[in-house]
$ cat my_file17.cif   # mmCIF, C-alpha atoms (C1' of nucleotides)
data_upload
loop_
_atom_site.group_PDB
_atom_site.id
_atom_site.type_symbol
_atom_site.label_atom_id
_atom_site.label_comp_id
_atom_site.auth_asym_id
_atom_site.auth_seq_id
_atom_site.Cartn_x
_atom_site.Cartn_y
_atom_site.Cartn_z
ATOM 1 C CA MET C 1 32.035 8.062 -0.850
ATOM 2 C CA LYS C 2 29.374 7.399 -3.453
ATOM 3 C CA ILE C 3 26.024 9.184 -3.317
ATOM 4 C CA GLY C 4 22.702 7.501 -3.914
ATOM 5 C CA TYR C 5 18.951 7.374 -3.372
ATOM 6 C CA PRO C 6 16.450 4.518 -3.072
ATOM 7 C CA CYS C 7 14.396 2.759 -5.704
ATOM 8 C CA ILE C 8 12.454 5.528 -7.419
ATOM 9 C CA ASN C 9 13.356 8.278 -9.843
ATOM 10 C CA ARG C 10 10.744 11.002 -10.095
ATOM 11 C CA THR C 11 12.292 12.848 -13.023
ATOM 12 C CA LEU C 12 12.132 9.970 -15.473
ATOM 13 C CA ASP C 13 8.701 8.802 -16.507
ATOM 14 C CA CYS C 14 9.748 5.246 -15.823
ATOM 15 C CA THR C 15 9.389 3.125 -12.692
ATOM 16 C CA SER C 16 11.021 -0.171 -11.786
ATOM 17 C CA ASN C 17 8.187 -0.825 -9.295
ATOM 18 C CA ARG C 18 5.429 -1.871 -11.694
ATOM 19 C CA THR C 19 3.370 -4.669 -10.183
ATOM 20 C CA PHE C 20 -0.124 -6.179 -10.251
ATOM 21 C CA ARG C 21 -2.675 -7.629 -7.869
ATOM 22 C CA LEU C 22 -2.314 -11.219 -6.728
ATOM 23 C CA LYS C 23 -5.726 -11.875 -8.346
ATOM 24 C CA SER C 24 -4.332 -10.923 -11.732
ATOM 25 C CA TYR C 25 -1.276 -13.142 -11.495
ATOM 26 C CA SER C 26 -0.278 -14.810 -14.734
ATOM 27 C CA VAL C 27 3.064 -15.648 -16.285
ATOM 28 C CA GLU C 28 2.322 -13.175 -19.116
ATOM 29 C CA ASN C 29 1.610 -10.409 -16.635
ATOM 30 C CA LEU C 30 4.723 -11.261 -14.658
ATOM 31 C CA ILE C 31 6.938 -11.166 -17.735
ATOM 32 C CA GLU C 32 5.414 -7.904 -18.919
ATOM 33 C CA LYS C 33 6.019 -6.156 -15.594
ATOM 34 C CA VAL C 34 9.510 -7.520 -15.008
ATOM 35 C CA GLU C 35 10.500 -6.526 -18.537
ATOM 36 C CA ASN C 36 9.315 -2.991 -17.832
ATOM 37 C CA ASN C 37 11.029 -2.925 -14.442
ATOM 38 C CA LEU C 38 14.392 -4.067 -15.771
ATOM 39 C CA ASP C 39 14.239 -1.583 -18.653
ATOM 40 C CA CYS C 40 13.420 1.252 -16.267
ATOM 41 C CA LEU C 41 16.162 0.169 -13.895
ATOM 42 C CA GLU C 42 18.607 0.523 -16.767
ATOM 43 C CA ARG C 43 17.318 3.994 -17.632
ATOM 44 C CA ILE C 44 17.540 5.071 -13.989
ATOM 45 C CA LEU C 45 21.100 3.771 -13.651
ATOM 46 C CA ARG C 46 22.169 5.618 -16.813
ATOM 47 C CA PHE C 47 20.507 8.776 -15.507
ATOM 48 C CA ASN C 48 22.448 8.367 -12.262
ATOM 49 C CA ILE C 49 25.800 7.733 -13.946
ATOM 50 C CA GLU C 50 25.477 10.964 -15.915
ATOM 51 C CA ARG C 51 24.979 12.829 -12.639
ATOM 52 C CA ASP C 52 27.712 11.208 -10.551
ATOM 53 C CA MET C 53 25.325 9.163 -8.409
ATOM 54 C CA LEU C 54 27.001 5.781 -8.113
ATOM 55 C CA PHE C 55 25.006 4.252 -5.278
ATOM 56 C CA PHE C 56 21.516 2.878 -5.827
ATOM 57 C CA ARG C 57 18.954 0.812 -3.949
ATOM 58 C CA ILE C 58 17.113 -1.609 -6.223
ATOM 59 C CA SER C 59 13.415 -1.909 -5.436
ATOM 60 C CA SER C 60 12.160 -5.106 -3.801
ATOM 61 C CA ASP C 61 9.251 -4.911 -6.256
ATOM 62 C CA LEU C 62 11.559 -5.573 -9.220
ATOM 63 C CA VAL C 63 10.003 -9.032 -9.619
ATOM 64 C CA PRO C 64 6.437 -9.006 -8.252
ATOM 65 C CA PHE C 65 5.480 -12.033 -6.136
ATOM 66 C CA ALA C 66 8.953 -13.448 -6.657
ATOM 67 C CA SER C 67 8.870 -15.532 -3.467
ATOM 68 C CA HIS C 68 5.112 -16.088 -3.365
ATOM 69 C CA GLU C 69 3.783 -19.622 -3.731
ATOM 70 C CA VAL C 70 1.752 -18.745 -6.849
ATOM 71 C CA ASN C 71 4.971 -18.041 -8.683
ATOM 72 C CA ASP C 72 6.917 -21.061 -9.880
ATOM 73 C CA TYR C 73 8.049 -19.431 -13.102
ATOM 74 C CA ASP C 74 11.785 -19.375 -13.900
ATOM 75 C CA TRP C 75 12.039 -15.580 -14.251
ATOM 76 C CA GLY C 76 15.781 -15.729 -13.640
ATOM 77 C CA GLY C 77 16.238 -17.937 -16.684
ATOM 78 C CA HIS C 78 13.838 -15.942 -18.823
ATOM 79 C CA PHE C 79 15.638 -12.674 -18.147
ATOM 80 C CA ARG C 80 19.164 -14.092 -17.876
ATOM 81 C CA ASP C 81 20.591 -11.925 -20.691
ATOM 82 C CA LYS C 82 18.946 -8.760 -19.418
ATOM 83 C CA PHE C 83 20.252 -9.361 -15.894
ATOM 84 C CA LYS C 84 23.740 -9.912 -17.268
ATOM 85 C CA GLU C 85 23.569 -6.763 -19.377
ATOM 86 C CA LEU C 86 22.437 -4.729 -16.353
ATOM 87 C CA GLY C 87 25.098 -6.299 -14.153
ATOM 88 C CA ASP C 88 27.775 -5.386 -16.682
ATOM 89 C CA LEU C 89 26.540 -1.786 -16.748
ATOM 90 C CA ILE C 90 26.748 -1.708 -12.942
ATOM 91 C CA LYS C 91 30.230 -3.198 -12.821
ATOM 92 C CA GLU C 92 31.658 -1.133 -15.679
ATOM 93 C CA ASN C 93 30.620 2.037 -13.894
ATOM 94 C CA ASP C 94 31.517 0.870 -10.396
ATOM 95 C CA ILE C 95 28.027 1.363 -9.046
ATOM 96 C CA ARG C 96 27.347 0.244 -5.458
ATOM 97 C CA ILE C 97 24.058 -1.589 -5.054
ATOM 98 C CA SER C 98 21.827 -2.274 -2.061
ATOM 99 C CA MET C 99 18.381 -3.758 -1.536
ATOM 100 C CA HIS C 100 16.047 -3.342 1.438
ATOM 101 C CA PRO C 101 13.326 -5.988 1.990
ATOM 102 C CA ASP C 102 10.313 -4.297 3.558
ATOM 103 C CA GLN C 103 8.683 -4.533 6.940
ATOM 104 C CA PHE C 104 7.111 -7.954 6.449
ATOM 105 C CA ILE C 105 10.469 -9.657 6.419
ATOM 106 C CA VAL C 106 11.216 -10.562 10.041
ATOM 107 C CA LEU C 107 14.004 -13.067 10.451
ATOM 108 C CA ASN C 108 13.648 -13.264 14.229
ATOM 109 C CA SER C 109 9.862 -13.559 14.253
ATOM 110 C CA ASN C 110 8.326 -15.691 16.978
ATOM 111 C CA LYS C 111 6.051 -17.200 14.321
ATOM 112 C CA GLU C 112 7.571 -20.073 12.369
ATOM 113 C CA ASP C 113 5.760 -19.333 9.109
ATOM 114 C CA VAL C 114 6.817 -15.670 9.178
ATOM 115 C CA TYR C 115 10.398 -16.829 9.688
ATOM 116 C CA HIS C 116 10.263 -19.225 6.741
ATOM 117 C CA ARG C 117 8.589 -16.763 4.399
ATOM 118 C CA SER C 118 11.193 -14.203 5.383
ATOM 119 C CA VAL C 119 13.999 -16.560 4.410
ATOM 120 C CA ASP C 120 12.290 -17.189 1.040
ATOM 121 C CA GLU C 121 12.063 -13.457 0.431
ATOM 122 C CA LEU C 122 15.709 -12.946 1.405
ATOM 123 C CA LEU C 123 16.637 -15.671 -1.040
ATOM 124 C CA TYR C 124 14.825 -13.772 -3.797
ATOM 125 C CA HIS C 125 16.828 -10.640 -2.986
ATOM 126 C CA ALA C 126 20.078 -12.621 -3.058
ATOM 127 C CA GLU C 127 19.076 -14.153 -6.395
ATOM 128 C CA VAL C 128 18.557 -10.757 -8.006
ATOM 129 C CA LEU C 129 22.050 -9.674 -6.962
ATOM 130 C CA ASP C 130 23.508 -13.019 -8.047
ATOM 131 C CA PHE C 131 21.790 -12.878 -11.452
ATOM 132 C CA LEU C 132 23.348 -9.437 -11.886
ATOM 133 C CA GLY C 133 26.708 -11.073 -11.191
ATOM 134 C CA LEU C 134 27.575 -8.671 -8.375
ATOM 135 C CA ASN C 135 30.175 -9.419 -5.715
ATOM 136 C CA ASN C 136 29.791 -9.378 -1.906
ATOM 137 C CA THR C 137 29.814 -5.581 -1.736
ATOM 138 C CA ALA C 138 26.210 -5.528 -2.999
ATOM 139 C CA LYS C 139 24.187 -5.754 0.203
ATOM 140 C CA ILE C 140 20.753 -6.619 1.516
ATOM 141 C CA GLN C 141 19.894 -4.398 4.479
ATOM 142 C CA LEU C 142 17.441 -5.613 7.081
ATOM 143 C CA HIS C 143 16.168 -4.454 10.441
ATOM 144 C CA VAL C 144 16.739 -6.857 13.314
ATOM 145 C CA GLY C 145 12.991 -7.422 13.683
ATOM 146 C CA GLY C 146 10.534 -7.813 16.548
ATOM 147 C CA VAL C 147 11.151 -7.524 20.287
ATOM 148 C CA TYR C 148 8.140 -9.432 21.676
ATOM 149 C CA ASP C 149 8.742 -8.012 25.161
ATOM 150 C CA ALA C 150 11.916 -10.092 25.373
ATOM 151 C CA LYS C 151 14.751 -8.242 23.710
ATOM 152 C CA GLU C 152 17.676 -10.457 24.708
ATOM 153 C CA LYS C 153 15.845 -13.589 23.622
ATOM 154 C CA SER C 154 14.842 -11.930 20.361
ATOM 155 C CA LYS C 155 18.425 -10.836 19.686
ATOM 156 C CA LYS C 156 19.600 -14.374 20.341
ATOM 157 C CA ARG C 157 16.982 -15.729 17.945
ATOM 158 C CA PHE C 158 18.236 -13.343 15.266
ATOM 159 C CA ILE C 159 21.821 -14.485 15.751
ATOM 160 C CA ASP C 160 20.917 -18.183 15.648
ATOM 161 C CA ARG C 161 18.874 -17.764 12.497
ATOM 162 C CA TYR C 162 21.536 -15.633 10.858
ATOM 163 C CA GLN C 163 24.063 -18.424 11.408
ATOM 164 C CA ASP C 164 21.679 -20.898 9.774
ATOM 165 C CA LEU C 165 21.139 -18.836 6.623
ATOM 166 C CA ASP C 166 22.184 -20.050 3.186
ATOM 167 C CA GLY C 167 25.608 -18.670 2.241
ATOM 168 C CA ALA C 168 24.080 -16.768 -0.697
ATOM 169 C CA ILE C 169 22.089 -14.645 1.766
ATOM 170 C CA LYS C 170 24.624 -14.553 4.555
ATOM 171 C CA LYS C 171 27.363 -13.023 2.429
ATOM 172 C CA ARG C 172 25.081 -10.086 1.585
ATOM 173 C CA LEU C 173 23.009 -9.489 4.700
ATOM 174 C CA VAL C 174 23.693 -6.426 6.846
ATOM 175 C CA ILE C 175 21.601 -5.098 9.743
ATOM 176 C CA GLU C 176 20.366 -1.554 10.190
ATOM 177 C CA ASN C 177 19.344 0.251 13.387
ATOM 178 C CA ASP C 178 15.631 1.146 13.417
ATOM 179 C CA GLU C 179 13.742 4.030 14.980
ATOM 180 C CA LYS C 180 11.956 2.253 17.788
ATOM 181 C CA SER C 181 13.294 -1.188 18.701
ATOM 182 C CA TYR C 182 16.953 -1.884 17.992
ATOM 183 C CA SER C 183 19.501 0.917 18.413
ATOM 184 C CA VAL C 184 22.893 0.944 16.753
ATOM 185 C CA LYS C 185 24.302 -0.316 20.065
ATOM 186 C CA ASP C 186 21.984 -3.324 19.886
ATOM 187 C CA CYS C 187 23.089 -3.919 16.297
ATOM 188 C CA LEU C 188 26.770 -3.716 17.268
ATOM 189 C CA GLU C 189 26.224 -6.295 20.003
ATOM 190 C CA ILE C 190 24.550 -8.628 17.521
ATOM 191 C CA SER C 191 27.393 -8.010 15.095
ATOM 192 C CA GLU C 192 29.985 -8.897 17.698
ATOM 193 C CA GLU C 193 28.376 -12.273 18.252
ATOM 194 C CA SER C 194 27.556 -13.091 14.652
ATOM 195 C CA GLY C 195 29.909 -11.096 12.412
ATOM 196 C CA VAL C 196 27.061 -9.414 10.520
ATOM 197 C CA PRO C 197 28.046 -5.910 9.296
ATOM 198 C CA VAL C 198 26.083 -2.932 10.665
ATOM 199 C CA LEU C 199 24.544 -0.298 8.421
ATOM 200 C CA PHE C 200 24.191 2.984 10.317
ATOM 201 C CA ASP C 201 20.986 4.985 9.837
ATOM 202 C CA TYR C 202 21.620 8.539 11.013
ATOM 203 C CA PHE C 203 17.948 9.517 11.188
ATOM 204 C CA HIS C 204 16.768 6.416 13.024
ATOM 205 C CA HIS C 205 19.615 6.961 15.424
ATOM 206 C CA SER C 206 18.362 10.473 16.245
ATOM 207 C CA LEU C 207 15.013 8.944 17.216
ATOM 208 C CA LYS C 208 16.246 5.837 19.050
ATOM 209 C CA ASN C 209 19.656 5.680 20.693
ATOM 210 C CA ASP C 210 21.484 4.862 23.889
ATOM 211 C CA GLY C 211 23.338 8.159 23.975
ATOM 212 C CA GLU C 212 26.337 6.952 21.982
ATOM 213 C CA GLU C 213 28.802 9.479 20.562
ATOM 214 C CA PHE C 214 28.453 9.894 16.824
ATOM 215 C CA CYS C 215 32.156 9.401 16.096
ATOM 216 C CA TRP C 216 32.356 6.375 18.338
ATOM 217 C CA ILE C 217 29.512 4.855 16.338
ATOM 218 C CA LEU C 218 31.116 5.436 12.956
ATOM 219 C CA LYS C 219 34.331 3.897 14.180
ATOM 220 C CA LYS C 220 32.605 0.844 15.624
ATOM 221 C CA VAL C 221 30.356 0.450 12.596
ATOM 222 C CA GLU C 222 33.302 0.691 10.228
ATOM 223 C CA SER C 223 35.035 -2.206 11.972
ATOM 224 C CA THR C 224 32.068 -4.510 11.289
ATOM 225 C CA TRP C 225 32.615 -4.257 7.512
ATOM 226 C CA LYS C 226 35.376 -6.556 6.281
ATOM 227 C CA ASN C 227 37.341 -6.063 3.046
ATOM 228 C CA ARG C 228 35.048 -8.320 1.058
ATOM 229 C CA ASP C 229 32.024 -6.286 2.209
ATOM 230 C CA GLY C 230 33.313 -2.998 0.794
ATOM 231 C CA ILE C 231 33.203 0.274 2.716
ATOM 232 C CA PRO C 232 30.208 0.810 5.040
ATOM 233 C CA MET C 233 26.857 2.010 3.772
ATOM 234 C CA VAL C 234 25.133 4.792 5.705
ATOM 235 C CA ASP C 235 21.509 5.945 5.398
ATOM 236 C CA TYR C 236 20.749 9.618 5.866
ATOM 237 C CA SER C 237 17.469 11.497 5.996
ATOM 238 C CA SER C 238 16.269 14.595 7.765
ATOM 239 C CA GLN C 239 13.244 15.370 9.884
ATOM 240 C CA MET C 240 10.344 17.154 8.239
ATOM 241 C CA MET C 241 10.139 20.534 9.975
ATOM 242 C CA ASP C 242 7.195 21.108 12.319
ATOM 243 C CA GLU C 243 5.858 17.638 11.666
ATOM 244 C CA ARG C 244 5.412 14.471 13.676
ATOM 245 C CA GLU C 245 8.733 13.026 14.768
ATOM 246 C CA GLY C 246 9.920 10.474 12.239
ATOM 247 C CA ARG C 247 8.401 12.054 9.134
ATOM 248 C CA HIS C 248 10.947 12.194 6.358
ATOM 249 C CA ALA C 249 11.652 15.655 4.984
ATOM 250 C CA GLU C 250 10.390 16.522 1.515
ATOM 251 C CA SER C 251 13.788 17.875 0.539
ATOM 252 C CA ILE C 252 17.284 17.923 1.979
ATOM 253 C CA GLU C 253 17.999 20.379 4.824
ATOM 254 C CA LYS C 254 21.413 21.771 3.960
ATOM 255 C CA LYS C 255 22.314 22.951 7.440
ATOM 256 C CA ASP C 256 21.747 19.623 9.137
ATOM 257 C CA PHE C 257 23.429 17.793 6.279
ATOM 258 C CA ASN C 258 26.549 19.956 6.337
ATOM 259 C CA LYS C 259 26.860 19.319 10.052
ATOM 260 C CA PHE C 260 26.622 15.601 9.457
ATOM 261 C CA ILE C 261 29.181 15.582 6.660
ATOM 262 C CA GLU C 262 31.590 17.679 8.724
ATOM 263 C CA ILE C 263 31.455 15.444 11.795
ATOM 264 C CA SER C 264 31.841 12.305 9.673
ATOM 265 C CA LYS C 265 35.084 13.571 8.050
ATOM 266 C CA PRO C 266 37.455 10.918 9.484
ATOM 267 C CA TYR C 267 35.355 8.121 7.983
ATOM 268 C CA ASP C 268 34.520 6.952 4.511
ATOM 269 C CA PHE C 269 31.263 5.290 3.503
ATOM 270 C CA ASP C 270 28.674 5.213 0.724
ATOM 271 C CA LEU C 271 25.740 7.469 1.459
ATOM 272 C CA MET C 272 22.079 6.703 0.746
ATOM 273 C CA LEU C 273 19.737 9.707 0.910
ATOM 274 C CA GLU C 274 16.276 8.708 2.022
ATOM 275 C CA ILE C 275 14.551 11.938 1.115
ATOM 276 C CA LYS C 276 11.094 12.152 -0.382
ATOM 277 C CA ASP C 277 12.146 14.003 -3.500
ATOM 278 C CA LYS C 278 14.685 11.273 -4.242
ATOM 279 C CA GLU C 279 17.141 12.110 -7.031
ATOM 280 C CA LYS C 280 16.609 15.861 -6.630
ATOM 281 C CA SER C 281 18.096 15.883 -3.131
ATOM 282 C CA ALA C 282 20.749 13.377 -4.132
ATOM 283 C CA MET C 283 21.830 15.743 -6.902
ATOM 284 C CA LYS C 284 22.012 18.617 -4.412
ATOM 285 C CA VAL C 285 24.188 16.469 -2.174
ATOM 286 C CA VAL C 286 26.496 15.583 -5.066
ATOM 287 C CA ASP C 287 26.961 19.328 -5.462
ATOM 288 C CA LEU C 288 27.533 19.832 -1.715
ATOM 289 C CA VAL C 289 30.200 17.120 -1.442
ATOM 290 C CA SER C 290 31.877 17.672 -4.826
ATOM 291 C CA ASP C 291 34.965 19.127 -3.154
ATOM 292 C CA ASP C 292 35.112 16.502 -0.416
ATOM 293 C CA PRO C 293 38.190 14.279 -0.940
ATOM 294 C CA ARG C 294 36.060 11.229 -0.161
ATOM 295 C CA PHE C 295 33.603 11.844 -2.984
ATOM 296 C CA ILE C 296 33.747 9.494 -5.988
ATOM 297 C CA PRO C 297 32.209 10.834 -9.215
ATOM 298 C CA ALA C 298 31.517 8.781 -12.347
ATOM 299 C CA GLN C 299 34.571 7.987 -14.479
ATOM 300 C CA ILE C 300 34.234 9.994 -17.746
ATOM 301 C "C1'" DT W 1 -9.796 10.031 -18.292
ATOM 302 C "C1'" DC W 2 -9.896 10.366 -13.523
ATOM 303 C "C1'" DA W 3 -10.961 9.534 -8.504
ATOM 304 C "C1'" DC W 4 -10.326 6.715 -4.934
ATOM 305 C "C1'" DG W 5 -10.515 2.311 -2.347
ATOM 306 C "C1'" DT W 6 -7.428 -1.290 -1.944
ATOM 307 C "C1'" DC W 7 -3.267 -4.096 -2.005
ATOM 308 C "C1'" DA W 8 0.808 -10.780 0.202
ATOM 309 C "C1'" DA W 9 3.143 -10.137 4.035
ATOM 310 C "C1'" DG W 10 4.578 -7.741 10.578
ATOM 311 C "C1'" DC W 11 5.303 -5.187 14.273
ATOM 312 C "C1'" DA W 12 5.004 -1.503 17.840
ATOM 313 C "C1'" DG W 13 2.704 2.181 19.783
ATOM 314 C "C1'" DA W 14 -1.224 5.142 20.000
ATOM 315 C "C1'" DT W 15 -6.203 5.623 20.356
ATOM 316 C "C1'" DA X 1 -9.888 -4.134 20.207
ATOM 317 C "C1'" DT X 2 -8.741 -1.401 16.331
ATOM 318 C "C1'" DC X 3 -6.048 1.853 13.788
ATOM 319 C "C1'" DT X 4 -1.732 3.989 11.935
ATOM 320 C "C1'" DG X 5 2.882 4.339 10.112
ATOM 321 C "C1'" DC X 6 6.554 2.371 7.892
ATOM 322 C "C1'" DT X 7 9.795 4.214 1.024
ATOM 323 C "C1'" DT X 8 3.373 4.619 0.472
ATOM 324 C "C1'" DG X 9 3.196 3.851 -4.601
ATOM 325 C "C1'" DA X 10 0.622 1.635 -8.034
ATOM 326 C "C1'" DC X 11 -3.315 -1.120 -9.463
ATOM 327 C "C1'" DG X 12 -7.737 -1.478 -11.184
ATOM 328 C "C1'" DT X 13 -12.645 -0.796 -10.795
ATOM 329 C "C1'" DG X 14 -16.397 2.255 -11.468
ATOM 330 C "C1'" DA X 15 -18.111 6.660 -12.985
#
$ encode --input "my_file17.cif" --output "structure tokens"
Amino acid sequence: MKIGYPCINRTLDCTSNRTFRLKSYSVENLIEKVENNLDCLERILRFNIERDMLFFRISSDLVPFASHEVNDYDWGGHFRDKFKELGDLIKENDIRISMHPDQFIVLNSNKEDVYHRSVDELLYHAEVLDFLGLNNTAKIQLHVGGVYDAKEKSKKRFIDRYQDLDGAIKKRLVIENDEKSYSVKDCLEISEESGVPVLFDYFHHSLKNDGEEFCWILKKVESTWKNRDGIPMVDYSSQMMDEREGRHAESIEKKDFNKFIEISKPYDFDLMLEIKDKEKSAMKVVDLVSDDPRFIPAQI
DNA sequence: TCACGTCAAGCAGAT
DNA sequence: ATCTGCTTGACGTGA
């Protein structure tokens, strides 16, 4: 079990999310921002290694407008050495990597152009992981998508389009249960038909479920990850107290977390903490699980 | 230097 | 019909 957090480090004065407005697109601007983003990514990863956090989600904003039509620049070639250097750092330290395209990426959309743009954006994510030289255990996590008042049809459309994906995307794509449309049971059904691994989101599950037993889920989810995929990834976050349902907590709630970690004992997975204060909560969790036999700290 | 309106993109659910 | 939330965070204009 490796511990991680997504995209942003609030301790370091360095963000791998620098971007710019579409209006101000230029190759110079692109290069400047990507250079900053890759440098900050390296600083964040080194920060994490020193603190035994070996799981990290790379921001989708790493290369602004990467799949947009204005951008025909060969950023992969330009930054080839830097990508390789970063990839080596990741591999030498056994860091697990994920990426999470945001809400605009809808593979099963009922609009053709949304579908095609989504594939382009997925290809960009796969390219980043390929340029880093990472194996199949580095994953791209995606929600199933829209329902359009026709869930079975929409599931089918997802499966068909998944089968048609380029191998570079297919080997990395995993699906995640969301908080209002597709439960983990839906995801498992899609997985059964298509072979796509299922990433379990504990918090989404508490908001949208079909009453499945927690342990049953972990067992089923685990079986969707093959050897080449690595151990499962699990997302965890806790509800902000006294706030609208679905709000992420500002900081980790120890009680709820300890319950979760206790129940999950028979299973191993890498754990992503989606908590607002990012690395601070992840560091607390490293402390909480330090005696857990599953926990993997940094080597030296 | 700072405040604040705005930003490529989709969808569901609330108002 | 229109607005809000989702990882909301970061840009960039105007004062």
$ residues_near_point --input "my_file17.cif" --point "(20.7, 0.9, 11.2)" --cutoff "9 Å" --atoms "only C-alpha atoms (C1' of nucleotides)" --output "NGL selection string"
:C and (141-144 or 175-179 or 182-184 or 187 or 198-202 or 204-205 or 234-235)
$ interface_residues --input "my_file17.cif" --of "chain C" --to "chain W" --cutoff "7 Å" --atoms "all atoms listed in the file" --output "list in words"
Arg21, Gln103, Phe104 and Gly146 of chain C
$ write_last_selection --input "my_file17.cif" --atoms "C-alpha atoms" --output "PDB file, in the frame of the given file"
ATOM      1  CA  ARG C  21      -2.675  -7.629  -7.869  1.00  0.00           C
ATOM      2  CA  GLN C 103       8.683  -4.533   6.940  1.00  0.00           C
ATOM      3  CA  PHE C 104       7.111  -7.954   6.449  1.00  0.00           C
ATOM      4  CA  GLY C 146      10.534  -7.813  16.548  1.00  0.00           C
TER       5      GLY C 146
END
$ interface_residues --input "my_file17.cif" --of "chain X" --to "chain C" --cutoff "12 Å" --atoms "all atoms listed in the file" --output "list of chain:residue names"
X:DG5, X:DC6, X:DT7, X:DT8, X:DG9, X:DA10, X:DC11, X:DG12
$ atom_distance --input "my_file17.cif" --atom1 "atom CA of Leu122 of chain C" --atom2 "atom CA of Glu69 of chain C"
14.6 Å
$ resolve_selection --input "my_file17.cif" --expression "the PyMOL selection byres ((chain C and resi 83-89) around 12)" --output "compact mmCIF listing (two decimals) with C-alpha atoms, in the frame of the given file"
# COMPACT_ATOMS: atom_id res chain seq x y z
CA VAL C 34 9.51 -7.52 -15.01
CA GLU C 35 10.50 -6.53 -18.54
CA ASN C 37 11.03 -2.92 -14.44
CA LEU C 38 14.39 -4.07 -15.77
CA ASP C 39 14.24 -1.58 -18.65
CA CYS C 40 13.42 1.25 -16.27
CA LEU C 41 16.16 0.17 -13.90
CA GLU C 42 18.61 0.52 -16.77
CA ARG C 43 17.32 3.99 -17.63
CA ILE C 44 17.54 5.07 -13.99
CA LEU C 45 21.10 3.77 -13.65
CA ARG C 46 22.17 5.62 -16.81
CA ASN C 48 22.45 8.37 -12.26
CA ILE C 49 25.80 7.73 -13.95
CA LEU C 54 27.00 5.78 -8.11
CA ILE C 58 17.11 -1.61 -6.22
CA LEU C 62 11.56 -5.57 -9.22
CA TRP C 75 12.04 -15.58 -14.25
CA GLY C 76 15.78 -15.73 -13.64
CA GLY C 77 16.24 -17.94 -16.68
CA HIS C 78 13.84 -15.94 -18.82
CA PHE C 79 15.64 -12.67 -18.15
CA ARG C 80 19.16 -14.09 -17.88
CA ASP C 81 20.59 -11.92 -20.69
CA LYS C 82 18.95 -8.76 -19.42
CA ILE C 90 26.75 -1.71 -12.94
CA LYS C 91 30.23 -3.20 -12.82
CA GLU C 92 31.66 -1.13 -15.68
CA ASN C 93 30.62 2.04 -13.89
CA ASP C 94 31.52 0.87 -10.40
CA ILE C 95 28.03 1.36 -9.05
CA ARG C 96 27.35 0.24 -5.46
CA ILE C 97 24.06 -1.59 -5.05
CA GLU C 127 19.08 -14.15 -6.40
CA VAL C 128 18.56 -10.76 -8.01
CA LEU C 129 22.05 -9.67 -6.96
CA ASP C 130 23.51 -13.02 -8.05
CA PHE C 131 21.79 -12.88 -11.45
CA LEU C 132 23.35 -9.44 -11.89
CA GLY C 133 26.71 -11.07 -11.19
CA LEU C 134 27.58 -8.67 -8.38
CA ASN C 135 30.18 -9.42 -5.72
CA ALA C 138 26.21 -5.53 -3.00
$ atom_distance --input "my_file17.cif" --atom1 "atom CA of Ile159 of chain C" --atom2 "atom CA of Ser181 of chain C"
16.1 Å
$ atom_distance --input "my_file17.cif" --atom1 "atom CA of Leu273 of chain C" --atom2 "atom CA of Phe260 of chain C"
12.5 Å
$ closest_residue --input "my_file17.cif" --among "C:Glu262, C:Asp229, C:Asp160, C:Glu279" --to "Leu12 of chain C" --atoms "all atoms listed in the file"
C:Glu279
